[in-house]
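Here's the structure we're looking at; comments come further down.
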Amino acid sequence: KDGDTKTIALKATREWTASISPEESGFTVSPMSGTGSNDPQTITVTAEANTGKDAHAILTITSGELEPVSVRLYQPGEEGGDWTLKELRDWGTETPFPLGAKTEVTVVSNKDISTVTNVTAFVQDETAGLQLRFASAHSFAKGEKISVLLEGLKLTTYQDAIQIDAIPVDNATSISTGNTVAAKTTSLEDFMANRLEGQYIELDVNVQPRADFQNEPEEDVPAETPDNPAPEPYNYG
């Protein structure tokens, strides 16, 4: 979190140049180039004080036609490294998520029912919900808390729903399973306005019977049994 300086010993017998990606990452390198030498040369890396999220960058040393050498830089921030789903949604669809971007979320969909494919997971946290689409089939169950690395990926839209697409399955790791998933109660107005997109919800609706049905005999509703469970609230993406 506080600013710090580290040094790297470089031995290069040819001219070399250094670069940082992304450039606006809070890291500076000195010098950015040098001549060939049989003696080790010192590169100084300085990280600014970080009041935001954890900062990540890649320092790459290039020398002629030799294979470039890369070093990953990391500076913890006061806000930590995890992104909330609201922050991810607010990032927009134009720019990939930066190095180190990750989120911890709970799966609220059931991959074994027909409305959700085995490469799709609806997830939520305390701030929002989101659809994750993996590059291949996943095994995450409803109620499973997972950590997902998102660097380099982008938000996309599919049938007007916001999602993150083509996530490598190996980018997601399980933290815990069997967590209780409680449906968020919402009004019909909020549902129609799509204010809880991607979240696990139940509608709070007061249904008024039509006048011509008021004298109809009541229909017998089968009791809830293991073979006839009550329906679960639905994920509306």
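By convention here, the chains of the structure tokens are called A, B, ... in the order presented, each chain's residues are numbered starting at 1, and ligands are numbered starting at 1 in the order presented.
Secondary structure of stretch 29-220 of chain A, helix (DSSP H, G or I) only (DSSP, backbone atoms): Leu85, Lys86, Glu87, Leu88, Arg89, Asp90, Trp91, Val169, Asp170, Asn171, Leu188, Glu189, Asp190, Phe191, Met192, Ala211, Asp212 and Phe213 of chain A.
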Checklist outcome for this item: Shortest contact to A:Thr7, candidates A:Gly80, A:Pro22, A:Pro40, A:Gly34, atoms counted only C-alpha atoms, goes to A:Pro40
Item to check | For A:Asp54: contacts at 6 Å, only C-alpha atoms, fewer than 5 positions along chain excluded, given as a PyMOL selection string | outcome: chain A and resi 75-77+80-81
Item to check | For atom CA of A:Ile146 and atom CA of A:Ser174, the interatomic separation in Å (one decimal) | outcome: 4.5 Å
Checklist entry - Which residue gives the smallest distance to A:Thr84 among A:Thr42, A:Thr127, A:Ala49, A:Asn110, with only C-alpha atoms counted? => result A:Thr127
Checklist entry - Using only C-alpha atoms, which residues sit within 8 Å of A:Ser30 once same-chain residues fewer than 6 positions away are excluded, as a PyMOL selection string? => result chain A and resi 43-45
Would you export the selected residues with N, CA, C and O atoms as a PDB file, in the first residue's frame, please?
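As a result, again30.pdb now contains:
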```
ATOM      1  N   ILE A  43      18.420  -2.422 -12.310  1.00  0.00           N
ATOM      2  CA  ILE A  43      17.182  -1.756 -12.698  1.00  0.00           C
ATOM      3  C   ILE A  43      16.392  -1.473 -11.420  1.00  0.00           C
ATOM      4  O   ILE A  43      16.188  -2.368 -10.591  1.00  0.00           O
ATOM      5  N   THR A  44      15.967  -0.236 -11.270  1.00  0.00           N
ATOM      6  CA  THR A  44      15.206   0.161 -10.080  1.00  0.00           C
ATOM      7  C   THR A  44      13.729   0.292 -10.438  1.00  0.00           C
ATOM      8  O   THR A  44      13.368   0.999 -11.377  1.00  0.00           O
ATOM      9  N   VAL A  45      12.899  -0.410  -9.676  1.00  0.00           N
ATOM     10  CA  VAL A  45      11.441  -0.358  -9.873  1.00  0.00           C
ATOM     11  C   VAL A  45      10.824   0.335  -8.673  1.00  0.00           C
ATOM     12  O   VAL A  45      11.039  -0.079  -7.525  1.00  0.00           O
TER      13      VAL A  45
END
```
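Every protein or nucleic acid residue with an atom no more than 9 Å from A:Ile20, counting only C-alpha atoms and leaving out same-chain residues fewer than 5 positions away, appears here: Ser25, Phe27, Thr28, Val29, Ala57, Ile58, Leu59 and Thr60 of chain A.
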Checklist entry - Can you tell me, as a list in words, what residues are no more than 9 Å from A:Leu85 when counting only C-alpha atoms, ignoring any on the same chain fewer than 3 positions away? => result Leu88, Arg89, Asp90, Thr103, Glu104, Val105, Val123, Gln124, Asp125, Glu126, Thr127, Ala128, Gly129 and Leu130 of chain A
Keeping only C-alpha atoms, write those residues as an mmCIF file, in the first residue's frame.
```
data_model
loop_
_atom_site.group_PDB
_atom_site.id
_atom_site.type_symbol
_atom_site.label_atom_id
_atom_site.label_comp_id
_atom_site.auth_asym_id
_atom_site.auth_seq_id
_atom_site.Cartn_x
_atom_site.Cartn_y
_atom_site.Cartn_z
ATOM 1 C CA LEU A 88 -17.350 -5.166 -13.000
ATOM 2 C CA ARG A 89 -20.663 -4.154 -14.577
ATOM 3 C CA ASP A 90 -19.771 -0.469 -14.337
ATOM 4 C CA THR A 103 -13.886 -11.424 -8.044
ATOM 5 C CA GLU A 104 -15.322 -13.680 -5.333
ATOM 6 C CA VAL A 105 -18.949 -14.625 -5.971
ATOM 7 C CA VAL A 123 -23.401 -15.512 -9.863
ATOM 8 C CA GLN A 124 -24.052 -12.764 -7.382
ATOM 9 C CA ASP A 125 -22.593 -10.933 -4.427
ATOM 10 C CA GLU A 126 -24.003 -8.278 -2.135
ATOM 11 C CA THR A 127 -23.848 -5.645 -4.896
ATOM 12 C CA ALA A 128 -25.185 -7.213 -8.107
ATOM 13 C CA GLY A 129 -25.549 -10.312 -10.261
ATOM 14 C CA LEU A 130 -23.840 -11.373 -13.492
#
```
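Using only C-alpha atoms, the residues found no farther than 12 Å from A:Thr117, other than those of its own chain fewer than 3 positions away, are Ser109, Asn110, Lys111, Asp112, Ile113, Ser114, Thr120, Ala121, Phe122, Gln131, Leu132, Arg133, Phe134, Ala135, Ser136, Ala137, His138, Ser139 and Phe140 of chain A.
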Next on the checklist: Could you check the closest approach to A:Thr95 for each of A:Gly178, A:Pro31, A:Gly152, A:Gly3 and tell me which residue wins, using only C-alpha atoms?
Outcome noted: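 Nearest to A:Thr95: A:Gly152.
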Item to check | For A:Val71, the nearest of the candidates A:Ile162, A:His56, A:Trp16, A:Gly100, counting only C-alpha atoms | outcome: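 So, comparing all the options, the nearest one is A:His56.
Here atom CA of A:Ala9 stands at a distance of 5.7 Å from atom CA of A:Gln41.
Relative to atom CA of A:Glu48, atom CA of A:Val148 is found at 26.7 Å.
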Item to check | strand (DSSP E) residues, from DSSP on the backbone, in stretch 48-90 of chain A, as a PyMOL selection string | outcome: chain A and resi 55-62+69-75
Would you write out those residues with all heavy atoms, as a tab-separated table (two decimals), in the first residue's frame?
```tsv
chain	number	residue	atom	x	y	z
A	55	ALA	N	-2.47	-3.22	-7.63
A	55	ALA	CA	-1.93	-2.89	-8.95
A	55	ALA	C	-1.05	-4.03	-9.45
A	55	ALA	O	-0.26	-4.60	-8.70
A	55	ALA	CB	-1.13	-1.58	-8.89
A	56	HIS	N	-1.20	-4.33	-10.73
A	56	HIS	CA	-0.39	-5.37	-11.37
A	56	HIS	C	0.15	-4.81	-12.68
A	56	HIS	O	-0.50	-4.01	-13.35
A	56	HIS	CB	-1.23	-6.61	-11.69
A	56	HIS	CG	-1.79	-7.30	-10.49
A	56	HIS	ND1	-1.24	-8.45	-9.98
A	56	HIS	CD2	-2.85	-7.00	-9.70
A	56	HIS	CE1	-1.95	-8.84	-8.93
A	56	HIS	NE2	-2.93	-7.98	-8.74
A	57	ALA	N	1.35	-5.22	-13.05
A	57	ALA	CA	1.93	-4.82	-14.33
A	57	ALA	C	2.96	-5.86	-14.74
A	57	ALA	O	3.42	-6.67	-13.92
A	57	ALA	CB	2.58	-3.43	-14.23
A	58	ILE	N	3.32	-5.82	-16.01
A	58	ILE	CA	4.34	-6.70	-16.54
A	58	ILE	C	5.52	-5.85	-17.02
A	58	ILE	O	5.35	-4.96	-17.85
A	58	ILE	CB	3.82	-7.55	-17.72
A	58	ILE	CG1	2.64	-8.41	-17.29
A	58	ILE	CG2	4.94	-8.41	-18.30
A	58	ILE	CD1	3.00	-9.48	-16.29
A	59	LEU	N	6.71	-6.10	-16.45
A	59	LEU	CA	7.95	-5.46	-16.89
A	59	LEU	C	8.63	-6.41	-17.87
A	59	LEU	O	8.90	-7.57	-17.53
A	59	LEU	CB	8.86	-5.19	-15.70
A	59	LEU	CG	10.31	-4.80	-16.01
A	59	LEU	CD1	10.37	-3.48	-16.78
A	59	LEU	CD2	11.13	-4.73	-14.73
A	60	THR	N	8.86	-5.94	-19.08
A	60	THR	CA	9.46	-6.77	-20.12
A	60	THR	C	10.80	-6.19	-20.55
A	60	THR	O	10.90	-4.99	-20.85
A	60	THR	CB	8.53	-6.89	-21.34
A	60	THR	OG1	7.27	-7.44	-20.92
A	60	THR	CG2	9.14	-7.80	-22.41
A	61	ILE	N	11.83	-7.03	-20.57
A	61	ILE	CA	13.16	-6.64	-21.03
A	61	ILE	C	13.39	-7.27	-22.40
A	61	ILE	O	13.25	-8.48	-22.57
A	61	ILE	CB	14.26	-7.10	-20.05
A	61	ILE	CG1	13.95	-6.63	-18.62
A	61	ILE	CG2	15.62	-6.62	-20.51
A	61	ILE	CD1	13.96	-5.15	-18.45
A	62	THR	N	13.73	-6.43	-23.37
A	62	THR	CA	13.97	-6.89	-24.73
A	62	THR	C	15.40	-6.57	-25.13
A	62	THR	O	15.89	-5.46	-24.89
A	62	THR	CB	13.00	-6.22	-25.72
A	62	THR	OG1	11.65	-6.47	-25.29
A	62	THR	CG2	13.17	-6.76	-27.13
A	69	VAL	N	12.34	-11.19	-21.70
A	69	VAL	CA	12.19	-11.68	-20.33
A	69	VAL	C	11.16	-10.79	-19.63
A	69	VAL	O	11.24	-9.56	-19.69
A	69	VAL	CB	13.52	-11.62	-19.57
A	69	VAL	CG1	13.32	-12.03	-18.10
A	69	VAL	CG2	14.54	-12.53	-20.24
A	70	SER	N	10.18	-11.43	-18.97
A	70	SER	CA	9.12	-10.67	-18.32
A	70	SER	C	9.12	-10.93	-16.81
A	70	SER	O	9.38	-12.04	-16.35
A	70	SER	CB	7.75	-11.05	-18.91
A	70	SER	OG	7.67	-10.66	-20.27
A	71	VAL	N	8.82	-9.87	-16.07
A	71	VAL	CA	8.71	-9.94	-14.61
A	71	VAL	C	7.37	-9.32	-14.23
A	71	VAL	O	7.03	-8.22	-14.68
A	71	VAL	CB	9.85	-9.16	-13.91
A	71	VAL	CG1	9.68	-9.22	-12.39
A	71	VAL	CG2	11.21	-9.72	-14.32
A	72	ARG	N	6.62	-10.03	-13.42
A	72	ARG	CA	5.32	-9.51	-12.98
A	72	ARG	C	5.51	-8.64	-11.75
A	72	ARG	O	6.18	-9.04	-10.79
A	72	ARG	CB	4.35	-10.65	-12.68
A	72	ARG	CG	2.95	-10.16	-12.36
A	72	ARG	CD	1.95	-11.27	-12.47
A	72	ARG	NE	0.60	-10.74	-12.33
A	72	ARG	CZ	-0.44	-11.17	-13.01
A	72	ARG	NH1	-0.27	-12.12	-13.92
A	72	ARG	NH2	-1.64	-10.66	-12.82
A	73	LEU	N	4.91	-7.45	-11.78
A	73	LEU	CA	5.00	-6.50	-10.67
A	73	LEU	C	3.65	-6.45	-9.95
A	73	LEU	O	2.59	-6.51	-10.58
A	73	LEU	CB	5.36	-5.10	-11.19
A	73	LEU	CG	6.60	-5.00	-12.09
A	73	LEU	CD1	6.79	-3.56	-12.56
A	73	LEU	CD2	7.85	-5.50	-11.37
A	74	TYR	N	3.71	-6.31	-8.64
A	74	TYR	CA	2.48	-6.31	-7.85
A	74	TYR	C	2.62	-5.31	-6.71
A	74	TYR	O	3.64	-5.28	-6.01
A	74	TYR	CB	2.21	-7.70	-7.28
A	74	TYR	CG	1.18	-7.75	-6.18
A	74	TYR	CD1	-0.16	-7.46	-6.45
A	74	TYR	CD2	1.53	-8.07	-4.88
A	74	TYR	CE1	-1.11	-7.50	-5.45
A	74	TYR	CE2	0.59	-8.12	-3.87
A	74	TYR	CZ	-0.74	-7.83	-4.16
A	74	TYR	OH	-1.67	-7.87	-3.17
A	75	GLN	N	1.60	-4.48	-6.53
A	75	GLN	CA	1.56	-3.51	-5.43
A	75	GLN	C	0.19	-3.57	-4.77
A	75	GLN	O	-0.82	-3.24	-5.39
A	75	GLN	CB	1.82	-2.09	-5.96
A	75	GLN	CG	1.55	-0.96	-4.98
A	75	GLN	CD	2.61	-0.82	-3.90
A	75	GLN	OE1	3.40	-1.72	-3.69
A	75	GLN	NE2	2.65	0.30	-3.25
```
